[in-house]
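Q: I'd like to ask some things about the structure below.
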Amino acid sequence: MAELFLKNVSKIFEDGTVGIEEISFAIDKAGVFGLFGPSGSGKSTLINVIGRIEKPTRGEISGNALKKRRAFIFQNLNLVEDLSALENLEIVGRLCKVKDVKKKSFEILDRLGLLNKANKKPRELSGGERQRVAVGRAILVEAGLILADEPTASLGPTEGRRVMELLLEISKLGALVLVATHDRELSQYFLGEIYLKGGRIEGLRGEVRGVK
Ligand SMILES: Nc1ncnc2c1ncn2[C@@H]1O[C@H](COP(=O)(O)OP(=O)(O)O)[C@@H](O)[C@H]1O
Ligand SMILES: [Mg+2]
C-alpha cells in the first residue's frame with residue numbers, strides 16, 4: 001500500500017469556491033515532499049484535507065501515513081502563547097500520552113539547540129526558534145505524517161535551512177513530511193514535488209506518482 005494515495009480529491013467550499021479539484025497522486029515512501037503553487041492555488045486546502053482538518057467534498061485519501069500520528073507546522077501561531085517552550089512540548093506530549101514527557105521534552109530541546117530557552121514564552125523566542133519548538137512537538141509525539149504549511153516563510157535563510165534539516169532528519173526515521181512553500185530553494189530537500197495551479201495538479205516531479 002502507498003504511504004499516501006489521493007484519487008480525484010476535490011474540496012469545494014460552502015460559498016462555491018473551488019479549493020482543490022480532482023487531485024490524484026501517490027507517494028510510496030517516507031521523505032520530505034514539496035507542494036508548490038502560486039498564492040490561492042490550493043496548497044493550504046490540500047494540506048488541510050490530507051491532515052483531516054477539512055473534509056474533502058469528493059475523492060479518496062488513503063495510505064499507511066494516515067494510520068500514524070499527525071503533526072502540523074504552520075507559518076505562524078504554532079505555539080500556545082502563555083506557555084513556555086518546555087510547556088508547549090509537555091502539553092502535547094501529555095495529550096498524546098507520551099511516556100516520560102518531561103525527560104523527553106528536555107532531550108528534544110537540547111537536540112534543537114533550545115535547552116537554554118526552555119522557560120521562555122513564544123514571544124521571547126525568534127521566529128526560527130518557535131518553528132523549531134513546533135518541529136520538536138512532532139518529534140515528541142513521533143508523528144508519522146507531518147503537514148507543514150509554509151513553515152519557513154517568515155524565517156531568514158539560515159533559520160529556514162535549520163528547520164528544513166530537522167524535518168529531513170525526522171523523515172529519515174520514517175515520517176512523511178509534506179511542505180507547502182513558494183521557495184524554490186527548498187527543492188534540495190524534496191524527494192518529490194507536486195505543482196498546483198488553480199486548484200489542479202500542473203505537474204509532478206521525482207518520487208510522486210501520477211494516478212489514473
Ligand atoms: N474557508 C474558505 N472558504 C472559501 N474559500 C476558501 C476558503 N479557504 C480557501 N479558500 C479559497 O480556496 C482557494 C485556495 O486557497 P488556499 O488553499 O488557501 O491556497 P494557497 O494556500 O495555495 O494560497 C482560494 O481561492 C481561496 O480563496
Ligand atoms: Mg496557503
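Residues in the C-alpha cells are numbered from 1 in each chain, the chains being A, B, ... in the order shown, and ligands are numbered from 1 in the order shown.
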Hey, what does DSSP flag as strand (DSSP E or B) within stretch 3-211 of chain A? Can you give it to me as a PyMOL selection string?
A: chain A and resi 4-12+18-27+31-36+58-62+70-73+145-149+176-180+192-197+200-206+209
Q: Please report as JSON lines every residue of chain A lying within 12 Å of ligand 1, along with the nearest atom pair and their distance in Å (one decimal), using only C-alpha atoms and all ligand atoms.
A:
{"residue": "A:Ser10", "atom": "CA", "partner": "ligand 1", "partner_atom_place_in_ligand_line": "12 (O)", "distance": 11.1}
{"residue": "A:Lys11", "atom": "CA", "partner": "ligand 1", "partner_atom_place_in_ligand_line": "12 (O)", "distance": 8.5}
{"residue": "A:Ile12", "atom": "CA", "partner": "ligand 1", "partner_atom_place_in_ligand_line": "5 (N)", "distance": 7.9}
{"residue": "A:Phe13", "atom": "CA", "partner": "ligand 1", "partner_atom_place_in_ligand_line": "4 (C)", "distance": 5.0}
{"residue": "A:Glu14", "atom": "CA", "partner": "ligand 1", "partner_atom_place_in_ligand_line": "3 (N)", "distance": 6.7}
{"residue": "A:Asp15", "atom": "CA", "partner": "ligand 1", "partner_atom_place_in_ligand_line": "4 (C)", "distance": 6.0}
{"residue": "A:Gly16", "atom": "CA", "partner": "ligand 1", "partner_atom_place_in_ligand_line": "4 (C)", "distance": 7.3}
{"residue": "A:Thr17", "atom": "CA", "partner": "ligand 1", "partner_atom_place_in_ligand_line": "5 (N)", "distance": 5.0}
{"residue": "A:Val18", "atom": "CA", "partner": "ligand 1", "partner_atom_place_in_ligand_line": "12 (O)", "distance": 5.6}
{"residue": "A:Gly19", "atom": "CA", "partner": "ligand 1", "partner_atom_place_in_ligand_line": "12 (O)", "distance": 3.7}
{"residue": "A:Ile20", "atom": "CA", "partner": "ligand 1", "partner_atom_place_in_ligand_line": "14 (C)", "distance": 6.7}
{"residue": "A:Glu21", "atom": "CA", "partner": "ligand 1", "partner_atom_place_in_ligand_line": "14 (C)", "distance": 10.1}
{"residue": "A:Leu35", "atom": "CA", "partner": "ligand 1", "partner_atom_place_in_ligand_line": "22 (O)", "distance": 9.0}
{"residue": "A:Phe36", "atom": "CA", "partner": "ligand 1", "partner_atom_place_in_ligand_line": "22 (O)", "distance": 7.9}
{"residue": "A:Gly37", "atom": "CA", "partner": "ligand 1", "partner_atom_place_in_ligand_line": "22 (O)", "distance": 6.0}
{"residue": "A:Pro38", "atom": "CA", "partner": "ligand 1", "partner_atom_place_in_ligand_line": "22 (O)", "distance": 5.9}
{"residue": "A:Ser39", "atom": "CA", "partner": "ligand 1", "partner_atom_place_in_ligand_line": "23 (O)", "distance": 3.7}
{"residue": "A:Gly40", "atom": "CA", "partner": "ligand 1", "partner_atom_place_in_ligand_line": "19 (O)", "distance": 3.5}
{"residue": "A:Ser41", "atom": "CA", "partner": "ligand 1", "partner_atom_place_in_ligand_line": "22 (O)", "distance": 4.0}
{"residue": "A:Gly42", "atom": "CA", "partner": "ligand 1", "partner_atom_place_in_ligand_line": "17 (O)", "distance": 3.2}
{"residue": "A:Lys43", "atom": "CA", "partner": "ligand 1", "partner_atom_place_in_ligand_line": "22 (O)", "distance": 3.7}
{"residue": "A:Ser44", "atom": "CA", "partner": "ligand 1", "partner_atom_place_in_ligand_line": "21 (O)", "distance": 3.7}
{"residue": "A:Thr45", "atom": "CA", "partner": "ligand 1", "partner_atom_place_in_ligand_line": "17 (O)", "distance": 3.7}
{"residue": "A:Leu46", "atom": "CA", "partner": "ligand 1", "partner_atom_place_in_ligand_line": "17 (O)", "distance": 6.5}
{"residue": "A:Ile47", "atom": "CA", "partner": "ligand 1", "partner_atom_place_in_ligand_line": "17 (O)", "distance": 8.0}
{"residue": "A:Asn48", "atom": "CA", "partner": "ligand 1", "partner_atom_place_in_ligand_line": "17 (O)", "distance": 8.4}
{"residue": "A:Val49", "atom": "CA", "partner": "ligand 1", "partner_atom_place_in_ligand_line": "17 (O)", "distance": 9.8}
{"residue": "A:Ile53", "atom": "CA", "partner": "ligand 1", "partner_atom_place_in_ligand_line": "1 (N)", "distance": 11.3}
{"residue": "A:Glu54", "atom": "CA", "partner": "ligand 1", "partner_atom_place_in_ligand_line": "1 (N)", "distance": 9.3}
{"residue": "A:Lys55", "atom": "CA", "partner": "ligand 1", "partner_atom_place_in_ligand_line": "1 (N)", "distance": 11.5}
{"residue": "A:Phe74", "atom": "CA", "partner": "ligand 1", "partner_atom_place_in_ligand_line": "21 (O)", "distance": 11.1}
{"residue": "A:Gln75", "atom": "CA", "partner": "ligand 1", "partner_atom_place_in_ligand_line": "21 (O)", "distance": 11.1}
{"residue": "A:Ala148", "atom": "CA", "partner": "ligand 1", "partner_atom_place_in_ligand_line": "21 (O)", "distance": 11.3}
{"residue": "A:Asp149", "atom": "CA", "partner": "ligand 1", "partner_atom_place_in_ligand_line": "21 (O)", "distance": 7.8}
{"residue": "A:Glu150", "atom": "CA", "partner": "ligand 1", "partner_atom_place_in_ligand_line": "21 (O)", "distance": 8.7}
{"residue": "A:Val179", "atom": "CA", "partner": "ligand 1", "partner_atom_place_in_ligand_line": "21 (O)", "distance": 11.2}
{"residue": "A:Ala180", "atom": "CA", "partner": "ligand 1", "partner_atom_place_in_ligand_line": "21 (O)", "distance": 7.7}
{"residue": "A:Thr181", "atom": "CA", "partner": "ligand 1", "partner_atom_place_in_ligand_line": "22 (O)", "distance": 8.7}
{"residue": "A:His182", "atom": "CA", "partner": "ligand 1", "partner_atom_place_in_ligand_line": "22 (O)", "distance": 9.1}
{"residue": "A:Ile194", "atom": "CA", "partner": "ligand 1", "partner_atom_place_in_ligand_line": "22 (O)", "distance": 11.9}
{"residue": "A:Tyr195", "atom": "CA", "partner": "ligand 1", "partner_atom_place_in_ligand_line": "22 (O)", "distance": 10.2}
{"residue": "A:Leu196", "atom": "CA", "partner": "ligand 1", "partner_atom_place_in_ligand_line": "22 (O)", "distance": 7.8}
{"residue": "A:Lys197", "atom": "CA", "partner": "ligand 1", "partner_atom_place_in_ligand_line": "22 (O)", "distance": 8.3}
{"residue": "A:Gly198", "atom": "CA", "partner": "ligand 1", "partner_atom_place_in_ligand_line": "14 (C)", "distance": 7.6}
{"residue": "A:Gly199", "atom": "CA", "partner": "ligand 1", "partner_atom_place_in_ligand_line": "14 (C)", "distance": 6.5}
{"residue": "A:Arg200", "atom": "CA", "partner": "ligand 1", "partner_atom_place_in_ligand_line": "14 (C)", "distance": 10.2}
{"residue": "A:Ile201", "atom": "CA", "partner": "ligand 1", "partner_atom_place_in_ligand_line": "22 (O)", "distance": 11.8}
Q: With C-alpha atoms kept, could you save the residues just selected as a PDB file, in the first residue's frame?
A:
ATOM      1  CA  SER A  10     -11.855  17.870  -4.522  1.00  0.00           C
ATOM      2  CA  LYS A  11     -12.748  20.466  -1.953  1.00  0.00           C
ATOM      3  CA  ILE A  12     -15.474  22.931  -2.863  1.00  0.00           C
ATOM      4  CA  PHE A  13     -16.166  25.419  -0.084  1.00  0.00           C
ATOM      5  CA  GLU A  14     -19.706  26.247   1.033  1.00  0.00           C
ATOM      6  CA  ASP A  15     -19.678  29.504  -0.913  1.00  0.00           C
ATOM      7  CA  GLY A  16     -18.865  27.551  -4.074  1.00  0.00           C
ATOM      8  CA  THR A  17     -15.165  28.457  -4.223  1.00  0.00           C
ATOM      9  CA  VAL A  18     -13.011  25.671  -5.583  1.00  0.00           C
ATOM     10  CA  GLY A  19     -10.164  24.933  -3.159  1.00  0.00           C
ATOM     11  CA  ILE A  20      -8.750  21.907  -4.977  1.00  0.00           C
ATOM     12  CA  GLU A  21     -10.130  19.909  -7.872  1.00  0.00           C
ATOM     13  CA  LEU A  35       3.964  21.324  -2.592  1.00  0.00           C
ATOM     14  CA  PHE A  36       4.392  24.332  -4.872  1.00  0.00           C
ATOM     15  CA  GLY A  37       1.986  26.771  -6.448  1.00  0.00           C
ATOM     16  CA  PRO A  38       1.104  30.458  -6.516  1.00  0.00           C
ATOM     17  CA  SER A  39      -0.974  32.043  -3.790  1.00  0.00           C
ATOM     18  CA  GLY A  40      -4.564  30.793  -3.983  1.00  0.00           C
ATOM     19  CA  SER A  41      -3.635  27.630  -5.917  1.00  0.00           C
ATOM     20  CA  GLY A  42      -4.920  25.309  -3.188  1.00  0.00           C
ATOM     21  CA  LYS A  43      -1.784  24.400  -1.204  1.00  0.00           C
ATOM     22  CA  SER A  44      -3.303  25.041   2.228  1.00  0.00           C
ATOM     23  CA  THR A  45      -6.553  23.382   1.243  1.00  0.00           C
ATOM     24  CA  LEU A  46      -4.672  20.248   0.153  1.00  0.00           C
ATOM     25  CA  ILE A  47      -2.595  20.226   3.362  1.00  0.00           C
ATOM     26  CA  ASN A  48      -5.756  20.615   5.475  1.00  0.00           C
ATOM     27  CA  VAL A  49      -7.670  17.924   3.625  1.00  0.00           C
ATOM     28  CA  ILE A  53      -8.634  19.499   9.324  1.00  0.00           C
ATOM     29  CA  GLU A  54     -11.121  19.770   6.453  1.00  0.00           C
ATOM     30  CA  LYS A  55     -13.299  17.157   4.867  1.00  0.00           C
ATOM     31  CA  PHE A  74       2.080  26.424  10.204  1.00  0.00           C
ATOM     32  CA  GLN A  75       3.750  29.637   9.140  1.00  0.00           C
ATOM     33  CA  ALA A 148       3.915  21.903   7.128  1.00  0.00           C
ATOM     34  CA  ASP A 149       2.232  24.943   5.571  1.00  0.00           C
ATOM     35  CA  GLU A 150       4.883  27.487   4.577  1.00  0.00           C
ATOM     36  CA  VAL A 179       5.843  21.064   2.871  1.00  0.00           C
ATOM     37  CA  ALA A 180       3.802  23.762   1.125  1.00  0.00           C
ATOM     38  CA  THR A 181       6.101  26.570   0.027  1.00  0.00           C
ATOM     39  CA  HIS A 182       6.855  29.276  -2.507  1.00  0.00           C
ATOM     40  CA  ILE A 194       3.661  18.497  -6.548  1.00  0.00           C
ATOM     41  CA  TYR A 195       2.847  21.667  -8.520  1.00  0.00           C
ATOM     42  CA  LEU A 196      -0.623  23.165  -8.173  1.00  0.00           C
ATOM     43  CA  LYS A 197      -2.325  25.785 -10.268  1.00  0.00           C
ATOM     44  CA  GLY A 198      -5.919  26.935  -9.860  1.00  0.00           C
ATOM     45  CA  GLY A 199      -6.652  24.012  -7.537  1.00  0.00           C
ATOM     46  CA  ARG A 200      -5.431  21.418 -10.027  1.00  0.00           C
ATOM     47  CA  ILE A 201      -2.211  19.499 -10.474  1.00  0.00           C
TER      48      ILE A 201
END
Q: Nearest residue to ligand 2 out of A:Asn76, A:Pro122, A:Lys67, A:Ala143, using only C-alpha atoms and all ligand atoms?
A: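 Smallest separation from ligand 2 among the options: A:Asn76.
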Q: Considering only C-alpha atoms, return as a list in words whatever protein or nucleic-acid residues lie within 9 Å of A:Gly59, sequence-local ones (same chain, fewer than 5 positions apart) excluded.
A: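 Counting only C-alpha atoms, the residues come to Leu6, Lys7, Asn8, Val9, Ser10, Lys11, Glu22, Ile23 and Ser24 of chain A.
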Q: Just want the 9 Å neighbourhood of A:Leu204, counted on only C-alpha atoms, with same-chain residues fewer than 2 positions away dropped. Output as a list in words.
A: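 Listing them by chain and then by number gives Phe25, Gly192, Glu193, Ile194, Tyr195, Ile201, Glu202, Gly206, Glu207, Val208, Arg209 and Gly210 of chain A.
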Q: Can you list every residue in stretch 128-205 of chain A that DSSP puts in alpha helix (DSSP H), as a ChimeraX atom specification?
A: /A:128-140,157-172
Q: I need the residue nearest A:Ile27 from this list: A:Ile139, A:Val163, A:Ile50, A:Leu4. Use only C-alpha atoms for the distance.
A: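 Under the stated criterion, the closest residue is A:Leu4.
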